[in-house]
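Structure file query12.csv with CSV, C-alpha atoms:
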```csv
chain,number,residue,atom,x,y,z
Z,155,MET,CA,8.8,29.6,27.0
Z,156,ALA,CA,10.6,30.4,23.8
Z,157,GLY,CA,14.3,29.7,23.8
Z,158,TRP,CA,13.9,27.2,26.7
Z,159,ILE,CA,16.0,24.0,26.3
Z,160,GLY,CA,15.1,21.0,28.4
Z,161,VAL,CA,18.7,20.0,29.0
Z,162,VAL,CA,21.0,22.9,30.2
Z,163,SER,CA,24.0,23.4,32.4
Z,164,ARG,CA,22.8,25.5,35.3
Z,165,TYR,CA,25.0,27.2,37.9
Z,166,ARG,CA,24.4,29.4,41.0
Z,167,LEU,CA,25.0,33.1,40.4
Z,168,PHE,CA,26.3,35.3,43.2
Z,169,PRO,CA,25.8,39.0,42.4
Z,170,THR,CA,26.5,41.8,44.7
Z,171,PRO,CA,23.5,43.9,46.0
Z,172,VAL,CA,24.1,46.5,43.4
Z,173,GLN,CA,24.4,43.9,40.6
Z,174,ALA,CA,21.3,42.1,41.9
Z,175,ALA,CA,19.3,45.4,41.5
Z,176,GLY,CA,20.7,45.7,38.0
Z,177,LEU,CA,19.7,42.2,37.1
Z,178,LEU,CA,16.2,42.6,38.5
Z,179,ALA,CA,15.8,45.8,36.5
Z,180,GLN,CA,16.8,43.9,33.3
Z,181,CYS,CA,14.2,41.2,34.2
Z,182,GLY,CA,11.5,43.8,34.6
Z,183,GLN,CA,12.4,45.4,31.2
Z,184,ALA,CA,12.4,42.0,29.4
Z,185,ARG,CA,9.1,41.1,31.1
Z,186,PHE,CA,7.6,44.4,30.0
Z,187,VAL,CA,8.6,44.0,26.4
Z,188,TRP,CA,7.3,40.4,26.4
Z,189,ASN,CA,3.9,41.4,27.9
Z,190,LEU,CA,3.6,44.4,25.5
Z,191,ALA,CA,4.2,42.1,22.5
Z,192,LEU,CA,1.7,39.6,23.9
Z,193,GLU,CA,-0.9,42.4,24.4
Z,194,GLN,CA,-0.4,43.6,20.8
Z,195,TRP,CA,-0.8,40.1,19.5
Z,196,SER,CA,-3.9,39.4,21.6
Z,197,MET,CA,-5.6,42.6,20.4
Z,198,TRP,CA,-5.2,41.6,16.7
Z,199,ARG,CA,-8.4,41.3,14.6
Z,200,ARG,CA,-8.8,40.2,11.0
Z,201,GLU,CA,-10.0,43.6,9.8
Z,202,ARG,CA,-6.8,45.2,11.1
Z,203,GLY,CA,-4.5,43.4,8.7
Z,204,SER,CA,-1.4,41.4,9.6
Z,205,VAL,CA,-0.1,41.3,13.2
Z,206,PRO,CA,3.3,43.1,13.6
Z,207,GLY,CA,6.3,40.7,13.3
Z,208,PHE,CA,9.7,40.8,15.0
Z,209,VAL,CA,11.1,43.3,12.6
Z,210,GLU,CA,8.3,45.8,13.1
Z,211,GLN,CA,8.3,45.3,16.8
Z,212,ALA,CA,12.0,45.8,17.0
Z,213,ARG,CA,11.5,49.2,15.2
Z,214,GLN,CA,8.8,50.1,17.7
Z,215,LEU,CA,11.1,49.1,20.5
Z,216,THR,CA,13.7,51.6,19.2
Z,217,GLU,CA,11.1,54.3,19.3
Z,218,ALA,CA,10.0,53.3,22.8
Z,219,ARG,CA,13.6,53.4,24.0
Z,220,ALA,CA,14.0,56.9,22.6
Z,221,ALA,CA,10.9,58.1,24.4
Z,222,PHE,CA,11.4,56.4,27.8
Z,223,GLY,CA,14.6,56.8,29.8
Z,224,TRP,CA,14.0,53.8,32.1
Z,225,LEU,CA,13.7,51.5,29.1
Z,226,ARG,CA,16.8,53.1,27.5
Z,227,ALA,CA,18.8,52.4,30.6
Z,228,GLY,CA,18.6,48.7,30.0
Z,229,SER,CA,20.3,46.5,27.4
Z,230,GLN,CA,18.8,46.7,23.9
Z,231,THR,CA,20.2,43.2,23.3
Z,232,VAL,CA,18.2,41.8,26.2
Z,233,GLN,CA,15.0,43.5,25.2
Z,234,GLN,CA,15.3,42.5,21.5
Z,235,GLN,CA,15.9,38.9,22.6
Z,236,ALA,CA,12.6,39.0,24.6
Z,237,LEU,CA,10.9,40.0,21.3
Z,238,ARG,CA,12.7,37.1,19.5
Z,239,ASP,CA,11.6,34.7,22.3
Z,240,PHE,CA,8.0,35.8,21.9
Z,241,ASP,CA,8.1,35.5,18.1
Z,242,GLN,CA,9.5,31.9,18.5
Z,243,ALA,CA,6.8,31.1,21.1
Z,244,ARG,CA,4.1,32.4,18.7
Z,245,ARG,CA,5.5,30.2,15.9
Z,246,ASN,CA,5.6,27.2,18.2
Z,247,TYR,CA,2.0,27.7,19.2
Z,248,PHE,CA,0.8,27.8,15.6
Z,249,ALA,CA,3.0,24.7,14.8
Z,250,GLY,CA,1.2,22.9,17.6
Z,251,SER,CA,4.3,22.0,19.6
Z,252,HIS,CA,3.7,24.4,22.5
Z,253,ARG,CA,0.9,26.1,24.3
Z,254,ARG,CA,-0.3,29.6,23.8
Z,255,PRO,CA,2.2,32.2,25.2
Z,256,THR,CA,1.0,33.6,28.5
Z,257,TRP,CA,1.6,36.7,30.6
Z,258,ARG,CA,4.8,37.0,32.6
Z,259,ARG,CA,4.3,38.1,36.2
Z,260,ALA,CA,6.7,39.9,38.6
Z,261,GLY,CA,8.1,37.7,41.2
Z,262,ARG,CA,7.3,34.5,39.3
Z,263,HIS,CA,8.9,35.1,35.8
Z,264,GLU,CA,12.1,36.8,36.6
Z,265,GLY,CA,14.7,36.2,33.9
Z,266,PHE,CA,16.2,37.2,30.6
Z,267,ARG,CA,18.3,35.7,27.9
Z,268,VAL,CA,21.6,36.7,26.3
Z,269,VAL,CA,22.5,35.4,22.8
Z,270,GLY,CA,25.5,36.0,20.5
Z,271,ALA,CA,29.0,37.1,21.1
Z,272,GLN,CA,28.2,38.6,24.5
Z,273,ALA,CA,27.2,35.1,25.8
Z,274,GLY,CA,30.7,33.9,25.3
Z,275,ARG,CA,32.3,36.3,27.8
Z,276,VAL,CA,32.8,33.8,30.6
Z,277,GLU,CA,36.1,33.5,32.4
Z,278,GLN,CA,37.4,30.8,34.9
Z,279,VAL,CA,38.8,32.6,37.9
Z,280,SER,CA,39.7,29.7,40.1
Z,281,GLY,CA,38.9,26.0,40.5
Z,282,LYS,CA,35.5,26.8,42.1
Z,283,TRP,CA,34.7,30.2,40.8
Z,284,ALA,CA,34.1,31.9,37.4
Z,285,ARG,CA,32.7,35.2,36.2
Z,286,VAL,CA,30.4,36.2,33.4
Z,287,LEU,CA,30.1,39.6,31.8
Z,288,VAL,CA,26.4,40.6,31.8
Z,289,PRO,CA,25.3,43.5,29.6
Z,290,LYS,CA,24.8,46.7,31.6
Z,291,VAL,CA,25.6,44.9,34.9
Z,292,GLY,CA,29.3,43.9,34.7
Z,293,TRP,CA,31.2,40.9,35.8
Z,294,VAL,CA,29.1,38.6,38.0
Z,295,ARG,CA,30.5,35.7,40.0
Z,296,LEU,CA,29.2,32.1,39.5
Z,297,ARG,CA,30.0,28.9,41.3
Z,298,VAL,CA,31.6,26.3,39.1
Z,299,SER,CA,30.0,23.0,40.2
Z,300,ARG,CA,31.2,21.2,37.0
Z,301,ALA,CA,33.1,22.1,33.8
Z,302,LEU,CA,31.9,25.2,32.0
Z,303,PRO,CA,30.3,24.4,28.6
Z,304,ASP,CA,31.0,26.2,25.3
Z,305,ALA,CA,27.6,27.8,24.8
Z,306,ARG,CA,26.4,30.5,22.5
Z,307,SER,CA,23.6,31.7,24.8
Z,308,TYR,CA,22.6,31.7,28.5
Z,309,ARG,CA,19.6,32.6,30.6
Z,310,ILE,CA,19.7,34.3,34.0
Z,311,THR,CA,16.8,33.6,36.3
Z,312,ARG,CA,15.8,34.5,39.8
Z,313,ASP,CA,13.6,32.1,41.8
Z,314,ARG,CA,10.9,33.0,44.4
Z,315,VAL,CA,13.4,32.6,47.2
Z,316,GLY,CA,15.7,35.2,45.7
Z,317,ARG,CA,18.5,32.9,44.4
Z,318,TRP,CA,20.0,33.7,41.0
Z,319,HIS,CA,21.0,31.1,38.5
Z,320,ILE,CA,22.6,31.1,35.1
Z,321,ALA,CA,21.8,28.4,32.6
Z,322,PHE,CA,24.0,27.8,29.5
Z,323,ALA,CA,22.2,26.3,26.5
Z,324,ALA,CA,24.6,23.4,26.1
Z,325,VAL,CA,23.3,19.8,25.9
Z,326,PRO,CA,25.6,17.4,27.8
Z,327,ASP,CA,26.6,14.1,26.3
Z,328,PRO,CA,24.3,11.2,27.3
Z,329,VAL,CA,25.5,8.5,29.7
Z,330,PRO,CA,27.2,5.7,27.8
Z,331,ALA,CA,25.3,2.3,27.9
Z,332,PRO,CA,26.9,-0.5,30.0
Z,333,SER,CA,26.4,-2.9,27.1
Z,334,ASN,CA,25.4,-5.7,29.5
Z,335,GLY,CA,22.0,-6.4,28.0
Z,336,ALA,CA,20.2,-5.7,31.3
Z,337,VAL,CA,16.6,-4.5,31.2
Z,338,VAL,CA,14.8,-2.9,34.0
Z,339,GLY,CA,11.2,-1.8,34.6
Z,340,VAL,CA,10.3,1.2,36.6
Z,341,ASP,CA,6.9,1.6,38.2
Z,342,ARG,CA,6.1,5.0,39.6
Z,343,GLY,CA,3.8,5.4,42.6
Z,344,VAL,CA,2.8,7.7,45.4
Z,345,THR,CA,3.7,5.6,48.4
Z,346,VAL,CA,6.9,4.3,46.7
Z,347,SER,CA,8.3,6.9,44.3
Z,348,ALA,CA,9.9,4.3,42.0
Z,349,ALA,CA,9.9,0.5,42.2
Z,350,LEU,CA,12.4,-1.4,40.1
Z,351,SER,CA,11.9,-4.9,38.6
Z,352,THR,CA,15.1,-5.9,40.5
Z,353,GLY,CA,13.1,-5.5,43.8
Z,354,GLU,CA,14.6,-2.1,44.8
Z,355,LEU,CA,12.2,0.5,46.3
Z,356,LEU,CA,13.3,4.1,45.8
Z,357,ASN,CA,11.7,7.0,47.7
Z,358,CYS,CA,12.0,10.7,46.8
Z,359,PRO,CA,12.9,12.7,49.9
Z,360,GLY,CA,10.4,15.3,50.9
Z,361,LEU,CA,9.9,17.6,53.8
Z,362,SER,CA,10.5,16.4,57.3
Z,363,GLU,CA,7.8,16.4,60.0
Z,364,SER,CA,9.1,19.5,61.6
Z,365,GLU,CA,9.2,21.3,58.2
Z,366,GLN,CA,5.6,20.2,57.5
Z,367,ARG,CA,4.5,21.5,60.8
Z,368,ARG,CA,6.2,24.8,60.1
Z,369,LEU,CA,4.7,25.0,56.7
Z,370,VAL,CA,1.2,24.6,58.1
Z,371,HIS,CA,2.0,27.2,60.7
Z,372,LEU,CA,3.1,29.7,58.1
Z,373,GLN,CA,0.1,29.0,55.9
Z,374,ARG,CA,-2.2,29.8,58.8
Z,375,ARG,CA,-0.2,33.0,59.5
Z,376,LEU,CA,-0.6,34.0,55.8
Z,377,ALA,CA,-4.4,33.4,56.0
Z,378,ARG,CA,-4.6,35.9,58.9
Z,379,ALA,CA,-2.3,38.5,57.4
Z,380,GLN,CA,-3.7,41.4,55.5
Z,381,ARG,CA,-3.4,41.1,51.8
Z,382,GLY,CA,-0.4,43.1,50.4
Z,383,SER,CA,1.0,43.8,53.9
Z,384,ASN,CA,4.7,43.6,54.7
Z,385,ARG,CA,4.0,40.7,57.1
Z,386,GLY,CA,2.3,38.8,54.4
Z,387,LYS,CA,5.3,39.3,52.1
Z,388,ARG,CA,7.6,38.0,54.8
Z,389,VAL,CA,5.4,34.9,55.4
Z,390,LYS,CA,5.2,34.3,51.6
Z,391,ALA,CA,9.0,34.4,51.4
Z,392,ALA,CA,9.3,31.9,54.2
Z,393,ILE,CA,6.8,29.5,52.6
Z,394,ALA,CA,8.6,29.8,49.2
Z,395,LYS,CA,11.9,28.9,51.0
Z,396,ILE,CA,10.4,25.7,52.3
Z,397,HIS,CA,9.0,24.7,48.9
Z,398,ALA,CA,12.3,25.5,47.2
Z,399,ARG,CA,14.0,23.2,49.7
Z,400,ALA,CA,11.7,20.4,48.8
Z,401,ALA,CA,12.1,21.1,45.1
Z,402,ASP,CA,15.9,21.0,45.4
Z,403,ARG,CA,15.8,17.6,47.2
Z,404,ARG,CA,13.4,16.2,44.5
Z,405,LYS,CA,15.6,17.4,41.7
Z,406,ASP,CA,18.8,16.0,43.4
Z,407,TRP,CA,17.1,12.7,43.8
Z,408,VAL,CA,15.9,12.6,40.2
Z,409,GLU,CA,19.4,13.4,38.9
Z,410,LYS,CA,21.1,10.7,41.0
Z,411,THR,CA,18.4,8.1,40.3
Z,412,SER,CA,18.4,8.7,36.5
Z,413,THR,CA,22.2,8.6,36.3
Z,414,ASP,CA,22.3,5.4,38.3
Z,415,LEU,CA,19.7,3.7,36.0
Z,416,ALA,CA,21.4,4.9,32.9
Z,417,ARG,CA,24.8,3.5,34.0
Z,418,ARG,CA,23.4,0.1,35.1
Z,419,PHE,CA,20.9,-0.9,32.4
Z,420,ASP,CA,20.9,-1.0,28.7
Z,421,VAL,CA,17.1,-0.7,28.3
Z,422,ILE,CA,14.9,1.2,30.7
Z,423,ARG,CA,11.1,0.6,30.4
Z,424,VAL,CA,8.6,2.9,32.1
Z,425,GLU,CA,4.9,3.3,32.1
Z,426,ASP,CA,3.5,5.6,29.4
Z,427,LEU,CA,1.7,8.1,31.7
Z,428,ARG,CA,0.3,11.5,30.8
Z,429,VAL,CA,1.2,13.2,34.1
Z,430,ALA,CA,-0.2,16.6,33.1
Z,431,HIS,CA,-3.7,15.1,32.4
Z,432,MET,CA,-3.5,12.9,35.6
Z,433,THR,CA,-3.0,15.9,37.8
Z,434,ARG,CA,-5.8,18.1,36.5
Z,435,ARG,CA,-8.4,19.3,38.9
Z,436,PRO,CA,-11.8,17.6,38.6
Z,437,LYS,CA,-14.6,19.4,36.8
Z,438,PRO,CA,-17.4,20.8,38.9
Z,439,LYS,CA,-20.7,18.8,39.0
Z,440,PRO,CA,-23.8,21.0,38.7
Z,441,ASP,CA,-26.7,20.0,40.9
Z,442,PRO,CA,-29.8,19.4,38.7
Z,443,ALA,CA,-32.1,19.8,41.7
Z,444,LYS,CA,-30.6,23.1,42.7
Z,445,PRO,CA,-29.7,25.5,39.9
Z,446,GLY,CA,-26.5,27.4,40.8
Z,447,SER,CA,-25.3,24.7,43.3
Z,448,TYR,CA,-22.8,21.9,42.8
Z,449,LEU,CA,-22.5,18.3,43.9
Z,450,ALA,CA,-19.5,16.9,45.7
Z,451,ASN,CA,-16.7,16.0,43.3
Z,452,ARG,CA,-14.0,14.9,45.7
Z,453,ARG,CA,-11.9,17.9,44.9
Z,454,ARG,CA,-9.9,17.8,48.1
Z,455,ALA,CA,-9.0,14.1,47.7
Z,456,LYS,CA,-7.9,14.7,44.1
Z,457,ALA,CA,-5.8,17.6,45.2
Z,458,GLY,CA,-4.0,15.4,47.7
Z,459,LEU,CA,-3.4,12.8,45.0
Z,460,ASN,CA,-2.0,15.5,42.7
Z,461,ARG,CA,0.4,16.7,45.3
Z,462,GLY,CA,1.6,13.1,45.9
Z,463,ILE,CA,2.2,12.6,42.1
Z,464,LEU,CA,4.0,15.9,41.7
Z,465,SER,CA,6.1,15.6,44.8
Z,466,ASN,CA,7.5,12.3,43.6
Z,467,GLY,CA,8.8,13.8,40.3
Z,468,TRP,CA,7.0,11.3,37.9
Z,469,GLY,CA,7.5,13.4,34.8
Z,470,LEU,CA,10.9,14.8,35.7
Z,471,LEU,CA,12.3,11.3,36.2
Z,472,VAL,CA,11.3,10.1,32.8
Z,473,GLN,CA,12.4,13.3,31.2
Z,474,ARG,CA,15.9,13.0,32.6
Z,475,LEU,CA,16.1,9.4,31.7
Z,476,GLU,CA,15.3,10.2,28.1
Z,477,HIS,CA,18.1,12.8,28.2
Z,478,LYS,CA,20.8,10.6,29.8
Z,479,ALA,CA,19.8,7.3,28.2
Z,480,ALA,CA,18.8,8.6,24.8
Z,481,GLY,CA,17.3,5.9,22.7
Z,482,ARG,CA,17.3,3.4,25.5
Z,483,VAL,CA,14.0,4.4,27.2
Z,484,GLU,CA,10.9,2.5,26.2
Z,485,LYS,CA,7.4,3.5,27.2
Z,486,ILE,CA,5.0,0.6,28.0
Z,487,ASN,CA,1.2,0.7,28.1
Z,488,ALA,CA,0.3,1.0,31.8
Z,489,ALA,CA,-3.1,-0.7,31.5
Z,490,TYR,CA,-3.6,-3.4,34.2
Z,491,THR,CA,0.1,-3.8,34.9
Z,492,SER,CA,-0.6,-3.5,38.7
Z,493,GLN,CA,-3.3,-6.2,38.5
Z,494,THR,CA,-1.5,-8.8,36.4
Z,495,CYS,CA,0.5,-11.5,38.0
Z,496,SER,CA,4.1,-11.4,36.8
Z,497,ARG,CA,4.4,-15.2,37.2
Z,498,CYS,CA,1.3,-16.7,35.6
Z,499,GLY,CA,-0.3,-13.7,33.8
Z,500,HIS,CA,-3.6,-13.8,35.7
Z,501,CYS,CA,-5.3,-10.4,35.7
Z,502,ALA,CA,-7.9,-9.5,38.3
Z,503,PRO,CA,-8.7,-6.5,40.4
Z,504,GLY,CA,-8.6,-8.7,43.5
Z,505,ASN,CA,-4.9,-9.6,43.0
Z,506,ARG,CA,-3.8,-6.3,44.5
Z,507,ASP,CA,-4.6,-5.1,48.0
Z,508,SER,CA,-2.9,-1.7,48.5
Z,509,GLN,CA,0.9,-2.3,48.5
Z,510,ALA,CA,0.5,-6.1,48.7
Z,511,PHE,CA,0.0,-8.4,45.7
Z,512,ARG,CA,-1.2,-12.0,45.9
Z,513,CYS,CA,-2.4,-13.8,42.7
Z,514,GLN,CA,-5.7,-15.4,43.1
Z,515,SER,CA,-4.8,-18.1,40.5
Z,516,CYS,CA,-1.3,-19.3,41.3
Z,517,GLY,CA,-0.8,-17.8,44.8
Z,518,HIS,CA,2.3,-15.7,43.9
Z,519,SER,CA,2.8,-12.9,46.4
Z,520,ASP,CA,5.1,-9.9,46.1
Z,521,HIS,CA,5.2,-6.2,46.6
Z,522,ALA,CA,2.5,-4.7,44.4
Z,523,ASP,CA,4.8,-2.1,42.8
Z,524,VAL,CA,7.6,-4.6,42.3
Z,525,ASN,CA,5.2,-6.9,40.6
Z,526,ALA,CA,4.1,-4.1,38.3
Z,527,ALA,CA,7.7,-3.2,37.5
Z,528,VAL,CA,8.4,-6.8,36.5
Z,529,ASN,CA,5.5,-6.6,34.1
Z,530,ILE,CA,6.8,-3.4,32.7
Z,531,ALA,CA,10.3,-4.8,32.3
Z,532,ALA,CA,8.8,-7.7,30.3
Z,533,GLY,CA,6.8,-5.3,28.2
Z,534,ARG,CA,3.5,-6.8,29.2
Z,535,ALA,CA,0.3,-4.8,29.1
Z,536,VAL,CA,-3.3,-5.9,29.0
Z,537,SER,CA,-5.8,-4.1,26.8
Z,538,ALA,CA,-9.0,-2.6,28.2
Z,539,ARG,CA,-10.9,-5.8,27.1
Z,540,ARG,CA,-8.2,-8.0,28.7
Z,541,ASP,CA,-8.0,-10.1,25.5
Z,542,LYS,CA,-4.3,-10.9,25.9
Z,543,PRO,CA,-3.8,-14.7,26.4
Z,544,VAL,CA,-3.0,-15.8,29.9
Z,545,ARG,CA,0.3,-17.6,30.4
Z,546,VAL,CA,-0.6,-20.8,32.3
Z,547,SER,CA,1.1,-24.2,32.6
Z,548,VAL,CA,0.4,-26.8,29.9
Z,549,LYS,CA,-0.2,-29.4,32.6
Z,550,ARG,CA,-3.1,-27.5,34.1
Z,551,GLU,CA,-6.5,-28.9,33.5
Z,552,PRO,CA,-8.9,-26.9,31.3
Z,553,GLN,CA,-11.1,-24.5,33.2
Z,554,LEU,CA,-14.7,-23.8,32.5
Z,555,THR,CA,-15.3,-20.3,31.2
Z,556,THR,CA,-18.4,-18.3,32.1
Z,557,SER,CA,-19.8,-15.3,30.4
Z,558,ALA,CA,-21.0,-12.3,32.3
```
How would this structure read if it were set down as structure tokens?
Amino acid sequence: MAGWIGVVSRYRLFPTPVQAAGLLAQCGQARFVWNLALEQWSMWRRERGSVPGFVEQARQLTEARAAFGWLRAGSQTVQQQALRDFDQARRNYFAGSHRRPTWRRAGRHEGFRVVGAQAGRVEQVSGKWARVLVPKVGWVRLRVSRALPDARSYRITRDRVGRWHIAFAAVPDPVPAPSNGAVVGVDRGVTVSAALSTGELLNCPGLSESEQRRLVHLQRRLARAQRGSNRGKRVKAAIAKIHARAADRRKDWVEKTSTDLARRFDVIRVEDLRVAHMTRRPKPKPDPAKPGSYLANRRRAKAGLNRGILSNGWGLLVQRLEHKAAGRVEKINAAYTSQTCSRCGHCAPGNRDSQAFRCQSCGHSDHADVNAAVNIAAGRAVSARRDKPVRVSVKREPQLTTSA
């Protein structure tokens, strides 16, 4: 999404019912302008000449505001900023740094951005409250959970639960290094969210057993509800509330864990994992004997693994570490780090048995994730051909080698 900044200062917004209706109308207008620009761009053909740019689309927006009163009732600044965001998203796509711009949907993409002098109209009311002047809406209260930044733009969003947030585009200062020379390795897993080379096992909090049972109950009710009914909408809202609660716990755990690691260690080494590729759904397998049919591809098992990876915040943890410990995060090749003994360097699939690690060469035993974290902290990684020399004692007798 254009104009999105990975590190922002976000606060809860508490509008009145009238203000919430005005904010929601602004979100709909910004979404309409974005989708209209995307449709115009997607319909472009070579024989039609050049696609309209921001200047031409801004002129067309002025004509549309003169023709439609519901569009004219909104803020022109917000609507023009949506066009600027789309133009930047299109440029990022052609530059290869971002994906192709997609459609914005009601209920999922509720938000708009304010840039310029209007973004600086923020006042501190008390120690815990402040207010911001939103165009066409008025002064809206926000909760001051930390010092307000000096930003030139902000973005107002509404999540699926109905909570409003305001995010100022201000990058906070990174956490200062302790300058103690300490190095830590972090191994991310599904059973254990993060295992440190120091022996610490960190688990990301999720839903409780009662919350999981209620989630299953609500999902069954949603399956029985008629599509588009009021009952279905209420059940969807309840399901979204449970998922939002889990996301809040996960983000809180990531923030606290990343801050703690950035304060305690000078160098933080993690596995170089491509989480987006690891969580893709498996491709269907056509059945050659039966045209039009497909073979089993373990789709449900892969979906469970994907949920485990995403619920432990693998990508978010490394992202926040790179923000808070800028220049102190090193990514290590993850090949065979869980099968290599951290003491003698022997690498074999039989060394690891679930969460237990026992080296078949030297007999070293440890928690499997902690052993992998020690290898990551040492920067050890074995190539696919396992051609890295094994660290063994010089007093050990030569062993006969066999070829496969």
Point to revise | Distance query Trp195 of chain Z at most 12 Å, all atoms listed in the file, self and fewer than 6 positions along chain excluded, as a list in words | key: Trp188, Asn189, Arg202, Gly203, Ser204, Val205, Pro206, Gly207, Phe208, Gln211, Leu237, Phe240, Asp241, Ala243, Arg244, Arg254, Pro255, Thr256 and Trp257 of chain Z
Residues around (5.8, 4.2, 42.9), cut-off 10 Å, counting only C-alpha atoms - what are they as a tab-separated table (two decimals) with C-alpha atoms, in the coordinates of the input?
```tsv
chain	number	residue	atom	x	y	z
Z	340	VAL	CA	10.30	1.20	36.60
Z	341	ASP	CA	6.90	1.60	38.20
Z	342	ARG	CA	6.10	5.00	39.60
Z	343	GLY	CA	3.80	5.40	42.60
Z	344	VAL	CA	2.80	7.70	45.40
Z	345	THR	CA	3.70	5.60	48.40
Z	346	VAL	CA	6.90	4.30	46.70
Z	347	SER	CA	8.30	6.90	44.30
Z	348	ALA	CA	9.90	4.30	42.00
Z	349	ALA	CA	9.90	0.50	42.20
Z	350	LEU	CA	12.40	-1.40	40.10
Z	355	LEU	CA	12.20	0.50	46.30
Z	356	LEU	CA	13.30	4.10	45.80
Z	357	ASN	CA	11.70	7.00	47.70
Z	358	CYS	CA	12.00	10.70	46.80
Z	463	ILE	CA	2.20	12.60	42.10
Z	466	ASN	CA	7.50	12.30	43.60
Z	468	TRP	CA	7.00	11.30	37.90
Z	509	GLN	CA	0.90	-2.30	48.50
Z	522	ALA	CA	2.50	-4.70	44.40
Z	523	ASP	CA	4.80	-2.10	42.80
Z	524	VAL	CA	7.60	-4.60	42.30
Z	526	ALA	CA	4.10	-4.10	38.30
Z	527	ALA	CA	7.70	-3.20	37.50
```
Review point. Quick one: of Z:Thr231, Z:Pro326, Z:Gly360, Z:Gln278, who's nearest to Arg461 of chain Z, counting all atoms listed in the file?
Key: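 Result for the nearest residue to Arg461 of chain Z: Z:Gly360.
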List the neighbours of segment 414-431 of chain Z out to 8 Å using all atoms listed in the file; skip same-chain residues closer than 2 positions along the sequence, and give me the result as a PDB file with C-alpha atoms, keeping the file's coordinate frame.
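Result file is around.pdb:
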```
ATOM      1  CA  VAL Z 329      25.500   8.500  29.700  1.00  0.00           C
ATOM      2  CA  PRO Z 330      27.200   5.700  27.800  1.00  0.00           C
ATOM      3  CA  ALA Z 331      25.300   2.300  27.900  1.00  0.00           C
ATOM      4  CA  PRO Z 332      26.900  -0.500  30.000  1.00  0.00           C
ATOM      5  CA  SER Z 333      26.400  -2.900  27.100  1.00  0.00           C
ATOM      6  CA  ASN Z 334      25.400  -5.700  29.500  1.00  0.00           C
ATOM      7  CA  GLY Z 335      22.000  -6.400  28.000  1.00  0.00           C
ATOM      8  CA  ALA Z 336      20.200  -5.700  31.300  1.00  0.00           C
ATOM      9  CA  VAL Z 337      16.600  -4.500  31.200  1.00  0.00           C
ATOM     10  CA  VAL Z 338      14.800  -2.900  34.000  1.00  0.00           C
ATOM     11  CA  GLY Z 339      11.200  -1.800  34.600  1.00  0.00           C
ATOM     12  CA  VAL Z 340      10.300   1.200  36.600  1.00  0.00           C
ATOM     13  CA  ASP Z 341       6.900   1.600  38.200  1.00  0.00           C
ATOM     14  CA  ARG Z 342       6.100   5.000  39.600  1.00  0.00           C
ATOM     15  CA  LYS Z 410      21.100  10.700  41.000  1.00  0.00           C
ATOM     16  CA  THR Z 411      18.400   8.100  40.300  1.00  0.00           C
ATOM     17  CA  SER Z 412      18.400   8.700  36.500  1.00  0.00           C
ATOM     18  CA  THR Z 433      -3.000  15.900  37.800  1.00  0.00           C
ATOM     19  CA  ARG Z 434      -5.800  18.100  36.500  1.00  0.00           C
ATOM     20  CA  TRP Z 468       7.000  11.300  37.900  1.00  0.00           C
ATOM     21  CA  GLY Z 469       7.500  13.400  34.800  1.00  0.00           C
ATOM     22  CA  VAL Z 472      11.300  10.100  32.800  1.00  0.00           C
ATOM     23  CA  LEU Z 475      16.100   9.400  31.700  1.00  0.00           C
ATOM     24  CA  LYS Z 478      20.800  10.600  29.800  1.00  0.00           C
ATOM     25  CA  ALA Z 479      19.800   7.300  28.200  1.00  0.00           C
ATOM     26  CA  ARG Z 482      17.300   3.400  25.500  1.00  0.00           C
ATOM     27  CA  VAL Z 483      14.000   4.400  27.200  1.00  0.00           C
ATOM     28  CA  GLU Z 484      10.900   2.500  26.200  1.00  0.00           C
ATOM     29  CA  LYS Z 485       7.400   3.500  27.200  1.00  0.00           C
ATOM     30  CA  ILE Z 486       5.000   0.600  28.000  1.00  0.00           C
ATOM     31  CA  ASN Z 487       1.200   0.700  28.100  1.00  0.00           C
ATOM     32  CA  ALA Z 488       0.300   1.000  31.800  1.00  0.00           C
ATOM     33  CA  ILE Z 530       6.800  -3.400  32.700  1.00  0.00           C
ATOM     34  CA  ALA Z 531      10.300  -4.800  32.300  1.00  0.00           C
ATOM     35  CA  GLY Z 533       6.800  -5.300  28.200  1.00  0.00           C
TER      36      GLY Z 533
END
```
Check your understanding: Suppose you want the space between atom CA of Leu376 of chain Z and atom CA of Lys390 of chain Z; what is it in Å?
Key ->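 Separation of atom CA of Leu376 of chain Z and atom CA of Lys390 of chain Z: 7.2 Å.
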Review point. Do you know which residues lie at most 10 Å from (12.0, 35.7, 32.8), with coordinates as in the file and all atoms listed in the file counted, and could you write them as a list in words?
Key: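 Residues found, by chain and rising number: Met155, Leu178, Gln180, Cys181, Gly182, Gln183, Ala184, Arg185, Trp188, Ala236, Arg258, Arg259, Ala260, Gly261, Arg262, His263, Glu264, Gly265, Phe266, Arg267, Arg309, Ile310, Thr311, Arg312 and Asp313 of chain Z.
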**Study point:** Near-segment 280-284 of chain Z list (7 Å; only C-alpha atoms; drop same-chain fewer than 6 positions) as a list in words
**Key:**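 Within the cut-off, the hits are Arg295, Leu296, Arg297, Val298 and Ser299 of chain Z.
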Practice item. Pick out the residues sitting within 10 Å of segment 511-517 of chain Z, and hand them over as a PyMOL selection string; count all atoms listed in the file, and ignore anything fewer than 5 positions along from it in its own chain. Key: chain Z and resi 492-506+522-526+546
Point to revise | Point-to-point distance from atom CA of Lys395 of chain Z to atom CA of Ala175 of chain Z, Å rounded to tenths | key: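 Atom CA of Ala175 of chain Z lies at a distance of 20.4 Å from atom CA of Lys395 of chain Z.
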